[in-house]
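A.B. asks: Attaching a single structure in structure tokens format; questions to follow.
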Amino acid sequence: MNHETLLALFGFAVAASFTPGPNNFMVFASTVNFGFYRTIPHMAGVVIGFMVLMAAIGAGLGAVVAAFPSLLIVAKIAGGAYLVWIAWKIANTRQMDSGRTVSGRPLTFLQAAAFQWVNPKAWIMSLTAISVYTYPEDYAFSVALVSGMFGVVSVPSLSIWGGFGAGLRDWLSVGNRLRWFNIAMAILLVASLWPMLS
């Protein structure tokens, strides 16, 4: 892969990873409600789960989806249903985790990793990246490079979104601010589905 293509891949990974989407919204809401430290397994699950999904698409899953497009539709529907359920749980979280009883808990590593397999944005990003930035003459290496690039870029992206959420914890702990924040985040999470499901 030449320098120009590598730079283009990096730009695509940055744009795709930092823009609002289900993973970023969920991490943002999780750090507000549960703190940055307790959300780290969630963030790690996103990174590893997404890299594994992308590698699997490069290893042949993408060809299966191309041959059977209905599989992508099923993934979108399953992902949409799961996101609506997550949005409902976020909207109904009323108290921050500060050593007291809290209604809910952050996603685990495995839950966040498994979510990537039904995350419409993750599928679209992966299919696009693998089809555009891999080379037949060095296919395995280019798949690994593309997957690794997204993994590397996802770490600061999720950390920044999580940092914003953690930074708002004190302000949102006053009055009903957390309740309205969670409702707003639930609405944004569901709204983030529209471009991917339409």
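Naming works like this for the structure tokens: A, B, ... for the chains as they're shown, residue 1 at the start of each chain, ligands 1 onward in shown order.
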Produce a table with one row for each residue of region 40-103 of chain A that has an atom at most 12 Å from any atom of region 7-21 of chain A, each row naming the nearest atom pair and its distance in Å at one decimal; use only C-alpha atoms; arrange rows by chain and rising residue number; format as CSV.
C.D. replies:
```
residue,atom,partner,partner_atom,distance
A:Val46,CA,A:Ser17,CA,11.1
A:Val47,CA,A:Ser17,CA,10.4
A:Phe50,CA,A:Ser17,CA,10.9
A:Leu83,CA,A:Gly21,CA,11.0
```
A.B. asks: Hey, what's within 7 Å of region 157-164 of chain A if we count only C-alpha atoms and toss same-chain stuff fewer than 3 positions away? As a list in words, please?
C.D. replies: Ser17, Phe18, Asn24, Val27, Phe28, Thr31, Phe36, Met43, Val153, Ser154, Gly167 and Leu168 of chain A
A.B. asks: Could you please determine the separation between CA of Val143 (chain A) and CA of Val65 (chain A) in Å, to one decimal place?
C.D. replies: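 These atoms are spaced 16.9 Å apart.
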A.B. asks: Which of these, A:Met185, A:Val190, A:Val146, A:Ala75, has the shortest distance to Ile90 (chain A) once you count only C-alpha atoms?
C.D. replies: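 With only C-alpha atoms as the atom set, the closest residue is A:Met185.
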A.B. asks: Kindly indicate which residue among A:Thr39, A:Asn176, A:Ser126, A:Ser142 lies nearest to Leu53 (chain A), using only C-alpha atoms for the distances.
C.D. replies: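 Smallest distance to Leu53 (chain A) is found for A:Ser126.
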A.B. asks: Which residues come within 9 Å of Ser30 (chain A), counting only C-alpha atoms, excluding same-chain residues fewer than 4 positions away, as a list in words?
C.D. replies: Phe25, Met26, Phe34, Gly35, Phe36, Arg38, Thr39, His42, Ile90, Arg105, Pro106, Leu107, Gly162, Gly165 and Ala166 of chain A
A.B. asks: Measuring between only C-alpha atoms, which one of A:Ser192, A:Ser173, A:Gln111, A:Thr93 shows the shortest distance to Ala29 (chain A)?
C.D. replies: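 When distances to Ala29 (chain A) are compared using only C-alpha atoms, the smallest one comes from A:Thr93.
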A.B. asks: What does the structure give for the distance between CA of Ile73 (chain A) and CA of Ala114 (chain A), in Å to one decimal?
C.D. replies: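 Going from CA of Ile73 (chain A) over to CA of Ala114 (chain A), I get 17.4 Å.
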A.B. asks: Do you know which residues are at most 10 Å from Gly80 (chain A) counting only C-alpha atoms, after dropping those on the same chain fewer than 3 positions away, and could you put them as a ChimeraX atom specification?
C.D. replies: /A:74-77,83-86,118-120,189-190,192-194,196-197
A.B. asks: Could you tell me how far CA of Asn23 (chain A) sits from CA of Phe181 (chain A), in Å to one decimal place?
C.D. replies: 17.0 Å
A.B. asks: Write out as an NGL selection string which residues come within 9 Å of Ile187 (chain A) when counting only C-alpha atoms, dropping same-chain ones fewer than 5 positions away.
C.D. replies: :A and (87 or 91 or 182 or 192)
A.B. asks: Quick one: write out the picked residues with C-alpha atoms as a CSV table (one decimal), in the first residue's frame?
C.D. replies:
```csv
chain,number,residue,atom,x,y,z
A,87,ALA,CA,-31.9,3.4,24.1
A,91,ALA,CA,-33.6,6.7,28.9
A,182,ASN,CA,-30.4,10.3,29.1
A,192,SER,CA,-28.4,7.6,14.4
```
A.B. asks: May I have the residues within 12 Å of Leu61 (chain A) as an MDAnalysis selection string, using only C-alpha atoms and disregarding those fewer than 2 positions away in the same chain?
C.D. replies: chainID A and resid 52:59 63:69 71:72 117 123 126:127 130
A.B. asks: Taking only C-alpha atoms into account, name the residue in A:Asp138, A:Ala44, A:Pro156, A:Ala81 that is nearest to Leu110 (chain A).
C.D. replies: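 Once distances to Leu110 (chain A) are computed over only C-alpha atoms, the minimum belongs to A:Ala44.
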